[in-house]
Amino acid sequence: MTADNPAQMEPWQWPEPHWRALVNQVRAGRSYRPAKWANGARCAFALSFDADHETNELRDGGKSIGRLAWGQYGPRVGVPRILDLLQRHDVPATFYVPAVAGLLHEDEQRRVVAAGHEIGIHGWIHELNSVLPYEAERDLMLRATDTLEKITGIRPVGLRTPSWDFSPNTLRIEKEMGLLYDSSLMADEDCYELLLDGEPTGIVELPVEWVRDDAVYFMMHRFQSLRPYTPPEAVFDIFRREFDAAYEEGGLFQLTTHPHIIGYRSRIWILDELIRHAKSKGDVWFATHAQVAAYARDNAA
């Protein structure tokens with residue numbers, strides 16, 4: 001064990017410059033909360049769907065027919081049900097789509113865009129960025145972006161990393177690509193600027209959180225210890241309380257859901273009631289993640 005090689009040390013032995021460098025790779029910079037949202041709204045409501053579909057199984061080399069069929073539920077039932085709900089309420093949303101899922105279901109992507117919703121980057125095959133070298137991560141991100149643009153005719157401006165897995169190279173690649181925003185990190189509840197090694201990047205972070213994600217309450221894996229543990233009524237209560245607090249603070253309410261999780265008959269009502277509840281306030285701005293990020297950046301208090 002040598003004093004000049006942190007890789008051979010225990011964390012409690014690291015010299016201060018080493019742990020400071022690790023912490024400072026990607027940090028939250030200035031806040032982007034506006035005094036008021038678009039049209040004088042008190043609160044912004046950003047709804048998102050991670051349309052992973054079959055890539056949840058494919059990314060780890062899985063070949064389970066059962067889990068691939070579960071992946072097909074999203075495009076076959078979940079997304080149409082969600083799009084009908086959004087149309088009834090006249091509410092826009094953002095769909096994050098792995099390129100492989102986009103290629104498997106091209107008509108779905110075109111329908112999503114035709115309905116006025118945003119499609120964002122979500123990796124190539126829902127890969128984990130943290131295990132990739134820089135060159136591979138960059139290649140996959142660019143290929144995914146090009147693929148989604150080819151399918152929809154619109155080039156995505158925002159990224160949500162698969163599984164919110166953010167590598168030391170991800171922000172650098174996003175900056176090289178000129179992306180408007182990221183939606184993978186959790187340093188705040190409102191939008192903020194991302195810093196790369198202490199320097200402002202101009203990229204807006206539209207933060208996520210596990211508490212505002214349906215997967216942590218409802219995900220199921222037959223051969224693992226992963227089991228649903230929260231009834232839909234309790235999940236609705238959590239999401240509603242998160243929204244109510246955002247509204248009181250004049251901030252942002254961001255929600256992450258999945259077509260193959262929230263799209264079931266016994267769960268879709270959560271989104272229905274949540275939108276109704278937010279609309280009852282009268283001064284809530286429903287917008288895509290790209291719209292929220294651009295407005296927050298341009299109108300920060």
# chains A, B, ... in the order shown; residues from 1 in each chain; ligands from 1
call {"tool": "residues_around", "arguments": {"residues": "Pro231 (chain A)", "least_positions_apart": "6", "cutoff": "12 Å", "atoms": "only C-alpha atoms", "output": "list in words"}}
result
Asp214, Val216, Tyr217, Phe218, Asp237, Ile238, Ser266, Arg267 and Ile270 of chain A
call {"tool": "residues_around", "arguments": {"residues": "Gly61 (chain A)", "least_positions_apart": "4", "cutoff": "12 Å", "atoms": "only C-alpha atoms", "output": "list in words"}}
result
Glu54, Thr55, Asn56, Glu57, Leu68, Ile125, His126 and Glu127 of chain A
call {"tool": "write_last_selection", "arguments": {"atoms": "all heavy atoms", "output": "PDB file, in the first residue's frame"}}
result
ATOM      1  N   GLU A  54     -38.838  -3.989 -23.943  1.00  0.00           N
ATOM      2  CA  GLU A  54     -38.063  -5.239 -23.892  1.00  0.00           C
ATOM      3  C   GLU A  54     -36.616  -5.049 -23.452  1.00  0.00           C
ATOM      4  O   GLU A  54     -35.939  -6.019 -23.101  1.00  0.00           O
ATOM      5  CB  GLU A  54     -38.075  -5.933 -25.265  1.00  0.00           C
ATOM      6  CG  GLU A  54     -39.431  -6.467 -25.683  1.00  0.00           C
ATOM      7  CD  GLU A  54     -40.248  -5.463 -26.472  1.00  0.00           C
ATOM      8  OE1 GLU A  54     -39.908  -4.256 -26.446  1.00  0.00           O
ATOM      9  OE2 GLU A  54     -41.228  -5.868 -27.119  1.00  0.00           O
ATOM     10  N   THR A  55     -36.119  -3.813 -23.435  1.00  0.00           N
ATOM     11  CA  THR A  55     -34.701  -3.615 -23.113  1.00  0.00           C
ATOM     12  C   THR A  55     -34.379  -3.907 -21.648  1.00  0.00           C
ATOM     13  O   THR A  55     -33.210  -4.118 -21.312  1.00  0.00           O
ATOM     14  CB  THR A  55     -34.239  -2.183 -23.455  1.00  0.00           C
ATOM     15  OG1 THR A  55     -34.930  -1.237 -22.630  1.00  0.00           O
ATOM     16  CG2 THR A  55     -34.478  -1.877 -24.924  1.00  0.00           C
ATOM     17  N   ASN A  56     -35.379  -3.918 -20.775  1.00  0.00           N
ATOM     18  CA  ASN A  56     -35.110  -4.296 -19.390  1.00  0.00           C
ATOM     19  C   ASN A  56     -34.516  -5.693 -19.309  1.00  0.00           C
ATOM     20  O   ASN A  56     -33.675  -5.980 -18.453  1.00  0.00           O
ATOM     21  CB  ASN A  56     -36.405  -4.237 -18.563  1.00  0.00           C
ATOM     22  CG  ASN A  56     -36.695  -2.850 -18.050  1.00  0.00           C
ATOM     23  OD1 ASN A  56     -35.788  -2.130 -17.641  1.00  0.00           O
ATOM     24  ND2 ASN A  56     -37.952  -2.458 -18.070  1.00  0.00           N
ATOM     25  N   GLU A  57     -34.949  -6.580 -20.187  1.00  0.00           N
ATOM     26  CA  GLU A  57     -34.431  -7.939 -20.220  1.00  0.00           C
ATOM     27  C   GLU A  57     -33.182  -8.046 -21.091  1.00  0.00           C
ATOM     28  O   GLU A  57     -32.217  -8.733 -20.745  1.00  0.00           O
ATOM     29  CB  GLU A  57     -35.507  -8.908 -20.739  1.00  0.00           C
ATOM     30  CG  GLU A  57     -35.063 -10.355 -20.862  1.00  0.00           C
ATOM     31  CD  GLU A  57     -34.784 -11.031 -19.519  1.00  0.00           C
ATOM     32  OE1 GLU A  57     -34.975 -10.393 -18.448  1.00  0.00           O
ATOM     33  OE2 GLU A  57     -34.353 -12.193 -19.523  1.00  0.00           O
ATOM     34  N   LEU A  68     -39.573 -10.887 -21.646  1.00  0.00           N
ATOM     35  CA  LEU A  68     -39.706 -10.172 -22.915  1.00  0.00           C
ATOM     36  C   LEU A  68     -41.179  -9.902 -23.209  1.00  0.00           C
ATOM     37  O   LEU A  68     -41.538  -8.846 -23.754  1.00  0.00           O
ATOM     38  CB  LEU A  68     -39.055 -10.959 -24.046  1.00  0.00           C
ATOM     39  CG  LEU A  68     -37.524 -11.005 -24.016  1.00  0.00           C
ATOM     40  CD1 LEU A  68     -37.006 -12.003 -25.045  1.00  0.00           C
ATOM     41  CD2 LEU A  68     -36.922  -9.623 -24.263  1.00  0.00           C
ATOM     42  N   ILE A 125     -29.561   0.383 -25.322  1.00  0.00           N
ATOM     43  CA  ILE A 125     -30.304  -0.830 -24.967  1.00  0.00           C
ATOM     44  C   ILE A 125     -30.519  -0.868 -23.452  1.00  0.00           C
ATOM     45  O   ILE A 125     -30.552  -1.915 -22.833  1.00  0.00           O
ATOM     46  CB  ILE A 125     -29.572  -2.080 -25.499  1.00  0.00           C
ATOM     47  CG1 ILE A 125     -30.473  -3.315 -25.539  1.00  0.00           C
ATOM     48  CG2 ILE A 125     -28.273  -2.334 -24.733  1.00  0.00           C
ATOM     49  CD1 ILE A 125     -29.926  -4.488 -26.321  1.00  0.00           C
ATOM     50  N   HIS A 126     -30.651   0.330 -22.876  1.00  0.00           N
ATOM     51  CA  HIS A 126     -30.832   0.507 -21.430  1.00  0.00           C
ATOM     52  C   HIS A 126     -29.585   0.063 -20.665  1.00  0.00           C
ATOM     53  O   HIS A 126     -29.638  -0.459 -19.547  1.00  0.00           O
ATOM     54  CB  HIS A 126     -32.071  -0.251 -20.930  1.00  0.00           C
ATOM     55  CG  HIS A 126     -32.727   0.398 -19.749  1.00  0.00           C
ATOM     56  ND1 HIS A 126     -32.543  -0.046 -18.469  1.00  0.00           N
ATOM     57  CD2 HIS A 126     -33.557   1.461 -19.651  1.00  0.00           C
ATOM     58  CE1 HIS A 126     -33.237   0.695 -17.622  1.00  0.00           C
ATOM     59  NE2 HIS A 126     -33.861   1.628 -18.321  1.00  0.00           N
ATOM     60  N   GLU A 127     -28.418   0.293 -21.271  1.00  0.00           N
ATOM     61  CA  GLU A 127     -27.142  -0.100 -20.689  1.00  0.00           C
ATOM     62  C   GLU A 127     -26.804   0.752 -19.457  1.00  0.00           C
ATOM     63  O   GLU A 127     -27.358   1.834 -19.266  1.00  0.00           O
ATOM     64  CB  GLU A 127     -26.016   0.056 -21.724  1.00  0.00           C
ATOM     65  CG  GLU A 127     -25.757   1.494 -22.162  1.00  0.00           C
ATOM     66  CD  GLU A 127     -26.705   2.007 -23.229  1.00  0.00           C
ATOM     67  OE1 GLU A 127     -27.537   1.228 -23.726  1.00  0.00           O
ATOM     68  OE2 GLU A 127     -26.621   3.204 -23.566  1.00  0.00           O
TER      69      GLU A 127
END
call {"tool": "residues_around", "arguments": {"residues": "Ala35 (chain A)", "least_positions_apart": "4", "cutoff": "10 Å", "atoms": "only C-alpha atoms", "output": "ChimeraX atom specification"}}
result
/A:40-43,250-251,296,299-301
call {"tool": "write_last_selection", "arguments": {"atoms": "N, CA and C atoms", "output": "compact mmCIF listing (two decimals), in the first residue's frame"}}
result
# COMPACT_ATOMS: atom_id res chain seq x y z
N GLY A 40 -47.79 32.74 -15.64
CA GLY A 40 -48.02 33.14 -14.26
C GLY A 40 -48.35 32.01 -13.32
N ALA A 41 -48.12 30.76 -13.73
CA ALA A 41 -48.45 29.60 -12.90
C ALA A 41 -47.59 29.56 -11.64
N ARG A 42 -48.16 29.04 -10.59
CA ARG A 42 -47.44 28.93 -9.32
C ARG A 42 -46.49 27.73 -9.31
N CYS A 43 -46.86 26.67 -10.04
CA CYS A 43 -46.12 25.40 -9.98
C CYS A 43 -46.03 24.80 -11.37
N GLY A 250 -44.05 26.88 -4.70
CA GLY A 250 -43.91 27.53 -6.01
C GLY A 250 -42.84 26.90 -6.86
N GLY A 251 -42.63 25.61 -6.68
CA GLY A 251 -41.54 24.93 -7.36
C GLY A 251 -41.98 23.99 -8.45
N ALA A 296 -37.05 27.33 -17.06
CA ALA A 296 -36.32 27.54 -15.81
C ALA A 296 -34.98 28.23 -16.06
N ASN A 299 -35.61 31.98 -17.09
CA ASN A 299 -36.39 32.84 -16.20
C ASN A 299 -36.04 32.64 -14.73
N ALA A 300 -34.85 32.15 -14.46
CA ALA A 300 -34.45 31.91 -13.07
C ALA A 300 -34.48 33.21 -12.27
N ALA A 301 -35.00 33.12 -11.06
CA ALA A 301 -35.11 34.32 -10.22
C ALA A 301 -33.72 34.77 -9.78
call {"tool": "select_by_dssp", "arguments": {"residues": "region 21-211 of chain A", "states": "alpha helix (DSSP H)", "output": "MDAnalysis selection string"}}
result
chainID A and resid 21:24 55:58 65:73 79:89 99:104 106:114 134:152 170:177
call {"tool": "atom_distance", "arguments": {"atom1": "CA of Leu83 (chain A)", "atom2": "CA of Leu226 (chain A)"}}
result
28.3 Å
call {"tool": "atom_distance", "arguments": {"atom1": "CA of Arg297 (chain A)", "atom2": "CA of Arg33 (chain A)"}}
result
8.2 Å
call {"tool": "select_by_dssp", "arguments": {"residues": "region 64-297 of chain A", "states": "strand (DSSP E or B)", "output": "PyMOL selection string"}}
result
chain A and resi 94-97+118-121+158-159+181-182+192-196+199-205+213+252-257+284-287
call {"tool": "write_last_selection", "arguments": {"atoms": "N, CA and C atoms", "output": "CSV table (one decimal), in the first residue's frame"}}
result
chain,number,residue,atom,x,y,z
A,94,THR,N,-43.2,13.7,-21.2
A,94,THR,CA,-42.0,13.3,-21.9
A,94,THR,C,-41.8,11.8,-21.8
A,95,PHE,N,-41.4,11.1,-22.9
A,95,PHE,CA,-41.2,9.7,-22.9
A,95,PHE,C,-39.7,9.5,-23.2
A,96,TYR,N,-39.0,8.8,-22.3
A,96,TYR,CA,-37.6,8.5,-22.5
A,96,TYR,C,-37.5,7.1,-23.0
A,97,VAL,N,-36.9,6.9,-24.2
A,97,VAL,CA,-36.9,5.7,-25.0
A,97,VAL,C,-35.5,5.2,-25.3
A,118,GLU,N,-42.9,14.9,-25.8
A,118,GLU,CA,-41.4,14.9,-26.1
A,118,GLU,C,-40.9,13.5,-26.0
A,119,ILE,N,-39.9,13.2,-26.8
A,119,ILE,CA,-39.1,11.9,-26.7
A,119,ILE,C,-37.7,12.3,-26.3
A,120,GLY,N,-37.2,11.7,-25.2
A,120,GLY,CA,-35.9,12.0,-24.8
A,120,GLY,C,-35.0,10.8,-24.9
A,121,ILE,N,-33.7,11.0,-24.8
A,121,ILE,CA,-32.7,9.9,-24.9
A,121,ILE,C,-32.7,9.0,-23.6
A,158,GLY,N,-32.8,16.2,-24.6
A,158,GLY,CA,-32.5,15.9,-23.2
A,158,GLY,C,-32.2,14.4,-23.0
A,159,LEU,N,-31.5,14.1,-21.9
A,159,LEU,CA,-31.1,12.7,-21.6
A,159,LEU,C,-31.6,12.3,-20.2
A,181,TYR,N,-30.7,19.7,-21.5
A,181,TYR,CA,-30.9,19.3,-20.1
A,181,TYR,C,-30.6,17.8,-19.9
A,182,ASP,N,-30.5,17.5,-18.6
A,182,ASP,CA,-30.4,16.1,-18.1
A,182,ASP,C,-31.5,15.9,-17.1
A,192,TYR,N,-31.5,23.0,-11.7
A,192,TYR,CA,-30.3,23.7,-11.4
A,192,TYR,C,-29.3,23.5,-12.5
A,193,GLU,N,-28.3,24.3,-12.6
A,193,GLU,CA,-27.2,24.1,-13.6
A,193,GLU,C,-26.2,23.1,-13.1
A,194,LEU,N,-25.8,22.2,-14.0
A,194,LEU,CA,-24.8,21.2,-13.7
A,194,LEU,C,-23.4,21.8,-13.9
A,195,LEU,N,-22.5,21.5,-12.9
A,195,LEU,CA,-21.1,21.9,-13.0
A,195,LEU,C,-20.2,20.6,-13.3
A,196,LEU,N,-19.3,20.8,-14.2
A,196,LEU,CA,-18.3,19.7,-14.5
A,196,LEU,C,-17.0,20.2,-14.0
A,199,GLU,N,-16.8,23.8,-13.2
A,199,GLU,CA,-17.1,24.8,-14.2
A,199,GLU,C,-18.6,24.6,-14.7
A,200,PRO,N,-19.3,25.8,-14.8
A,200,PRO,CA,-20.6,25.7,-15.3
A,200,PRO,C,-20.7,25.1,-16.7
A,201,THR,N,-21.7,24.3,-17.0
A,201,THR,CA,-21.8,23.7,-18.3
A,201,THR,C,-23.0,24.3,-19.2
A,202,GLY,N,-23.9,25.0,-18.5
A,202,GLY,CA,-25.0,25.5,-19.2
A,202,GLY,C,-26.1,24.5,-19.4
A,203,ILE,N,-25.9,23.3,-18.9
A,203,ILE,CA,-26.9,22.2,-19.0
A,203,ILE,C,-27.8,22.2,-17.7
A,204,VAL,N,-29.1,22.2,-18.0
A,204,VAL,CA,-30.0,22.2,-16.9
A,204,VAL,C,-30.3,20.8,-16.4
A,205,GLU,N,-30.2,20.6,-15.1
A,205,GLU,CA,-30.6,19.4,-14.4
A,205,GLU,C,-32.1,19.5,-14.0
A,213,ASP,N,-41.0,7.9,-8.1
A,213,ASP,CA,-40.9,6.9,-9.2
A,213,ASP,C,-41.7,5.7,-8.8
A,252,LEU,N,-41.2,22.9,-8.6
A,252,LEU,CA,-41.4,21.9,-9.7
A,252,LEU,C,-41.9,20.6,-9.1
A,253,PHE,N,-42.9,20.0,-9.7
A,253,PHE,CA,-43.3,18.7,-9.4
A,253,PHE,C,-42.9,17.8,-10.6
A,254,GLN,N,-42.0,16.9,-10.4
A,254,GLN,CA,-41.5,16.0,-11.5
A,254,GLN,C,-41.8,14.6,-11.1
A,255,LEU,N,-42.4,13.8,-12.0
A,255,LEU,CA,-42.8,12.4,-11.7
A,255,LEU,C,-42.2,11.5,-12.8
A,256,THR,N,-41.6,10.3,-12.3
A,256,THR,CA,-41.1,9.3,-13.3
A,256,THR,C,-42.0,8.1,-13.1
A,257,THR,N,-42.5,7.6,-14.2
A,257,THR,CA,-43.3,6.3,-14.2
A,257,THR,C,-42.9,5.5,-15.5
A,284,VAL,N,-51.5,25.7,-12.4
A,284,VAL,CA,-50.4,24.7,-12.5
A,284,VAL,C,-50.1,24.6,-14.0
A,285,TRP,N,-48.8,24.7,-14.3
A,285,TRP,CA,-48.3,24.6,-15.7
A,285,TRP,C,-47.9,23.2,-16.0
A,286,PHE,N,-48.6,22.5,-16.9
A,286,PHE,CA,-48.2,21.2,-17.3
A,286,PHE,C,-47.3,21.3,-18.6
A,287,ALA,N,-46.1,20.7,-18.5
A,287,ALA,CA,-45.2,20.9,-19.6
A,287,ALA,C,-44.3,19.7,-19.7
call {"tool": "residues_around", "arguments": {"residues": "Leu274 (chain A)", "least_positions_apart": "6", "cutoff": "10 Å", "atoms": "only C-alpha atoms", "output": "PyMOL selection string"}}
result
chain A and resi 236-237+239-240+243+280
call {"tool": "closest_residue", "arguments": {"among": "A:Leu132, A:Cys191, A:Ala290, A:Met141", "to": "Arg30 (chain A)", "atoms": "only C-alpha atoms"}}
result
A:Cys191
call {"tool": "residues_around", "arguments": {"residues": "Ser130 (chain A)", "least_positions_apart": "4", "cutoff": "9 Å", "atoms": "only C-alpha atoms", "output": "list in words"}}
result
Glu137, Asp165, Phe166, Ser167, Pro168, Asn169 and Thr170 of chain A
call {"tool": "residues_around", "arguments": {"residues": "Ile82 (chain A)", "least_positions_apart": "5", "cutoff": "12 Å", "atoms": "only C-alpha atoms", "output": "JSON, numbers by chain"}}
result
{"A": [47, 48, 49, 51, 74, 75, 76, 77, 87, 88, 89, 90, 91, 92, 93, 94, 95, 108, 111, 112, 115, 117, 257, 258, 259, 260, 261, 262, 263, 264, 265, 267, 268, 269, 270, 271, 272]}
call {"tool": "write_last_selection", "arguments": {"atoms": "N, CA, C and O atoms", "output": "short mmCIF file (atom, residue, chain, number, x, y, z; two decimals), in the first residue's frame"}}
result
data_model
loop_
_atom_site.label_atom_id
_atom_site.label_comp_id
_atom_site.auth_asym_id
_atom_site.auth_seq_id
_atom_site.Cartn_x
_atom_site.Cartn_y
_atom_site.Cartn_z
N LEU A 47 -44.44 15.49 -16.16
CA LEU A 47 -44.74 14.07 -16.10
C LEU A 47 -43.87 13.32 -17.12
O LEU A 47 -43.72 13.76 -18.26
N SER A 48 -43.29 12.19 -16.69
CA SER A 48 -42.42 11.46 -17.60
C SER A 48 -42.68 9.96 -17.51
O SER A 48 -43.12 9.44 -16.49
N PHE A 49 -42.36 9.28 -18.63
CA PHE A 49 -42.53 7.84 -18.75
C PHE A 49 -41.25 7.25 -19.34
O PHE A 49 -40.83 7.65 -20.42
N ALA A 51 -40.00 4.48 -21.22
CA ALA A 51 -40.57 3.42 -22.06
C ALA A 51 -39.50 2.38 -22.38
O ALA A 51 -39.05 2.25 -23.52
N GLY A 74 -45.79 -2.97 -22.29
CA GLY A 74 -45.69 -1.52 -22.34
C GLY A 74 -46.21 -0.94 -23.65
O GLY A 74 -47.12 -0.11 -23.65
N PRO A 75 -45.66 -1.35 -24.80
CA PRO A 75 -46.14 -0.79 -26.06
C PRO A 75 -47.52 -1.29 -26.46
O PRO A 75 -48.26 -0.58 -27.15
N ARG A 76 -47.88 -2.49 -26.05
CA ARG A 76 -49.14 -3.08 -26.49
C ARG A 76 -50.34 -2.54 -25.70
O ARG A 76 -51.42 -2.30 -26.26
N VAL A 77 -50.15 -2.31 -24.40
CA VAL A 77 -51.25 -1.88 -23.54
C VAL A 77 -50.94 -0.58 -22.81
O VAL A 77 -51.74 0.36 -22.81
N GLN A 87 -54.44 12.52 -23.48
CA GLN A 87 -55.31 13.23 -24.42
C GLN A 87 -56.57 13.73 -23.73
O GLN A 87 -57.02 14.86 -23.97
N ARG A 88 -57.16 12.92 -22.87
CA ARG A 88 -58.38 13.33 -22.17
C ARG A 88 -58.14 14.56 -21.32
O ARG A 88 -58.99 15.44 -21.21
N HIS A 89 -56.96 14.63 -20.72
CA HIS A 89 -56.65 15.76 -19.84
C HIS A 89 -55.94 16.90 -20.58
O HIS A 89 -55.69 17.95 -19.98
N ASP A 90 -55.58 16.68 -21.84
CA ASP A 90 -54.84 17.67 -22.62
C ASP A 90 -53.55 18.08 -21.90
O ASP A 90 -53.27 19.27 -21.69
N VAL A 91 -52.79 17.07 -21.53
CA VAL A 91 -51.56 17.27 -20.76
C VAL A 91 -50.38 16.70 -21.54
O VAL A 91 -50.43 15.55 -21.98
N PRO A 92 -49.29 17.46 -21.71
CA PRO A 92 -48.10 16.93 -22.38
C PRO A 92 -47.21 16.17 -21.41
O PRO A 92 -47.26 16.38 -20.20
N ALA A 93 -46.39 15.29 -21.95
CA ALA A 93 -45.47 14.51 -21.13
C ALA A 93 -44.21 14.23 -21.93
O ALA A 93 -44.13 14.50 -23.13
N THR A 94 -43.22 13.67 -21.24
CA THR A 94 -41.96 13.28 -21.88
C THR A 94 -41.79 11.78 -21.76
O THR A 94 -41.96 11.21 -20.68
N PHE A 95 -41.43 11.15 -22.88
CA PHE A 95 -41.19 9.71 -22.93
C PHE A 95 -39.70 9.49 -23.20
O PHE A 95 -39.18 9.95 -24.21
N GLU A 108 -45.03 3.56 -32.42
CA GLU A 108 -45.32 4.14 -31.11
C GLU A 108 -44.64 5.49 -30.96
O GLU A 108 -45.25 6.46 -30.49
N ARG A 111 -46.37 8.09 -32.93
CA ARG A 111 -47.66 8.46 -32.33
C ARG A 111 -47.44 9.39 -31.13
O ARG A 111 -48.20 10.34 -30.94
N VAL A 112 -46.43 9.10 -30.34
CA VAL A 112 -46.13 9.93 -29.17
C VAL A 112 -45.82 11.37 -29.61
O VAL A 112 -46.36 12.34 -29.06
N ALA A 115 -48.78 13.33 -30.96
CA ALA A 115 -49.70 13.77 -29.92
C ALA A 115 -49.17 14.97 -29.15
O ALA A 115 -49.82 15.45 -28.21
N HIS A 117 -46.11 15.16 -27.51
CA HIS A 117 -45.24 14.83 -26.39
C HIS A 117 -43.77 14.84 -26.83
O HIS A 117 -43.46 14.79 -28.02
N THR A 257 -42.54 7.59 -14.25
CA THR A 257 -43.30 6.34 -14.24
C THR A 257 -42.90 5.50 -15.45
O THR A 257 -42.15 5.95 -16.31
N HIS A 258 -43.42 4.28 -15.51
CA HIS A 258 -43.07 3.34 -16.57
C HIS A 258 -44.35 2.72 -17.13
O HIS A 258 -45.20 2.27 -16.35
N PRO A 259 -44.49 2.67 -18.45
CA PRO A 259 -45.71 2.08 -19.03
C PRO A 259 -45.99 0.66 -18.58
O PRO A 259 -47.15 0.28 -18.41
N HIS A 260 -44.93 -0.15 -18.35
CA HIS A 260 -45.14 -1.53 -17.94
C HIS A 260 -45.35 -1.68 -16.44
O HIS A 260 -45.50 -2.80 -15.94
N ILE A 261 -45.39 -0.55 -15.73
CA ILE A 261 -45.62 -0.59 -14.29
C ILE A 261 -46.90 0.18 -13.92
O ILE A 261 -47.80 -0.36 -13.30
N ILE A 262 -46.98 1.44 -14.34
CA ILE A 262 -48.14 2.26 -13.99
C ILE A 262 -49.33 1.97 -14.90
O ILE A 262 -50.47 2.34 -14.59
N GLY A 263 -49.11 1.29 -16.04
CA GLY A 263 -50.13 1.16 -17.05
C GLY A 263 -51.22 0.14 -16.79
O GLY A 263 -52.07 -0.08 -17.66
N TYR A 264 -51.22 -0.49 -15.62
CA TYR A 264 -52.24 -1.50 -15.32
C TYR A 264 -53.53 -0.84 -14.84
O TYR A 264 -53.54 0.26 -14.32
N ARG A 265 -54.64 -1.58 -15.00
CA ARG A 265 -55.96 -1.05 -14.65
C ARG A 265 -56.04 -0.57 -13.21
O ARG A 265 -56.71 0.42 -12.91
N ARG A 267 -53.72 0.66 -11.44
CA ARG A 267 -52.74 1.70 -11.09
C ARG A 267 -52.88 2.98 -11.90
O ARG A 267 -52.51 4.05 -11.42
N ILE A 268 -53.39 2.89 -13.11
CA ILE A 268 -53.44 4.07 -13.98
C ILE A 268 -54.27 5.19 -13.37
O ILE A 268 -54.05 6.37 -13.66
N TRP A 269 -55.20 4.82 -12.50
CA TRP A 269 -56.02 5.84 -11.85
C TRP A 269 -55.18 6.80 -11.01
O TRP A 269 -55.60 7.95 -10.77
N ILE A 270 -54.01 6.35 -10.58
CA ILE A 270 -53.14 7.23 -9.79
C ILE A 270 -52.81 8.49 -10.58
O ILE A 270 -52.90 9.61 -10.06
N LEU A 271 -52.42 8.31 -11.85
CA LEU A 271 -52.11 9.46 -12.69
C LEU A 271 -53.35 10.28 -12.99
O LEU A 271 -53.31 11.52 -12.99
N ASP A 272 -54.46 9.60 -13.23
CA ASP A 272 -55.72 10.28 -13.51
C ASP A 272 -56.09 11.22 -12.36
O ASP A 272 -56.36 12.41 -12.56
#
call {"tool": "decode", "arguments": {"residues": "region 229-244 of chain A", "atoms": "N, CA and C atoms", "output": "PDB file, in the first residue's frame"}}
result
ATOM      1  N   TYR A 229     -44.659  -3.806  -2.599  1.00  0.00           N
ATOM      2  CA  TYR A 229     -44.962  -3.764  -1.162  1.00  0.00           C
ATOM      3  C   TYR A 229     -45.898  -2.627  -0.788  1.00  0.00           C
ATOM      4  N   THR A 230     -46.263  -1.770  -1.740  1.00  0.00           N
ATOM      5  CA  THR A 230     -47.047  -0.589  -1.425  1.00  0.00           C
ATOM      6  C   THR A 230     -48.352  -0.604  -2.210  1.00  0.00           C
ATOM      7  N   PRO A 231     -49.490  -0.480  -1.546  1.00  0.00           N
ATOM      8  CA  PRO A 231     -50.761  -0.446  -2.268  1.00  0.00           C
ATOM      9  C   PRO A 231     -50.900   0.845  -3.079  1.00  0.00           C
ATOM     10  N   PRO A 232     -51.634   0.799  -4.186  1.00  0.00           N
ATOM     11  CA  PRO A 232     -51.781   1.988  -5.035  1.00  0.00           C
ATOM     12  C   PRO A 232     -52.278   3.222  -4.284  1.00  0.00           C
ATOM     13  N   GLU A 233     -53.162   3.044  -3.314  1.00  0.00           N
ATOM     14  CA  GLU A 233     -53.669   4.192  -2.568  1.00  0.00           C
ATOM     15  C   GLU A 233     -52.546   4.914  -1.838  1.00  0.00           C
ATOM     16  N   ALA A 234     -51.604   4.153  -1.280  1.00  0.00           N
ATOM     17  CA  ALA A 234     -50.485   4.761  -0.564  1.00  0.00           C
ATOM     18  C   ALA A 234     -49.536   5.470  -1.527  1.00  0.00           C
ATOM     19  N   VAL A 235     -49.330   4.887  -2.713  1.00  0.00           N
ATOM     20  CA  VAL A 235     -48.472   5.533  -3.704  1.00  0.00           C
ATOM     21  C   VAL A 235     -49.084   6.847  -4.162  1.00  0.00           C
ATOM     22  N   PHE A 236     -50.386   6.836  -4.409  1.00  0.00           N
ATOM     23  CA  PHE A 236     -51.065   8.084  -4.767  1.00  0.00           C
ATOM     24  C   PHE A 236     -50.886   9.133  -3.673  1.00  0.00           C
ATOM     25  N   ASP A 237     -50.993   8.731  -2.431  1.00  0.00           N
ATOM     26  CA  ASP A 237     -50.847   9.675  -1.316  1.00  0.00           C
ATOM     27  C   ASP A 237     -49.450  10.278  -1.295  1.00  0.00           C
ATOM     28  N   ILE A 238     -48.436   9.464  -1.545  1.00  0.00           N
ATOM     29  CA  ILE A 238     -47.060   9.970  -1.584  1.00  0.00           C
ATOM     30  C   ILE A 238     -46.895  10.982  -2.720  1.00  0.00           C
ATOM     31  N   PHE A 239     -47.338  10.609  -3.920  1.00  0.00           N
ATOM     32  CA  PHE A 239     -47.209  11.505  -5.074  1.00  0.00           C
ATOM     33  C   PHE A 239     -47.995  12.795  -4.839  1.00  0.00           C
ATOM     34  N   ARG A 240     -49.210  12.680  -4.281  1.00  0.00           N
ATOM     35  CA  ARG A 240     -50.022  13.879  -4.043  1.00  0.00           C
ATOM     36  C   ARG A 240     -49.352  14.810  -3.032  1.00  0.00           C
ATOM     37  N   ARG A 241     -48.791  14.250  -1.986  1.00  0.00           N
ATOM     38  CA  ARG A 241     -48.106  15.075  -0.990  1.00  0.00           C
ATOM     39  C   ARG A 241     -46.869  15.757  -1.591  1.00  0.00           C
ATOM     40  N   GLU A 242     -46.163  15.044  -2.451  1.00  0.00           N
ATOM     41  CA  GLU A 242     -45.023  15.657  -3.135  1.00  0.00           C
ATOM     42  C   GLU A 242     -45.492  16.832  -4.005  1.00  0.00           C
ATOM     43  N   PHE A 243     -46.576  16.633  -4.735  1.00  0.00           N
ATOM     44  CA  PHE A 243     -47.109  17.730  -5.553  1.00  0.00           C
ATOM     45  C   PHE A 243     -47.572  18.891  -4.689  1.00  0.00           C
ATOM     46  N   ASP A 244     -48.328  18.606  -3.638  1.00  0.00           N
ATOM     47  CA  ASP A 244     -48.852  19.683  -2.795  1.00  0.00           C
ATOM     48  C   ASP A 244     -47.729  20.531  -2.216  1.00  0.00           C
TER      49      ASP A 244
END
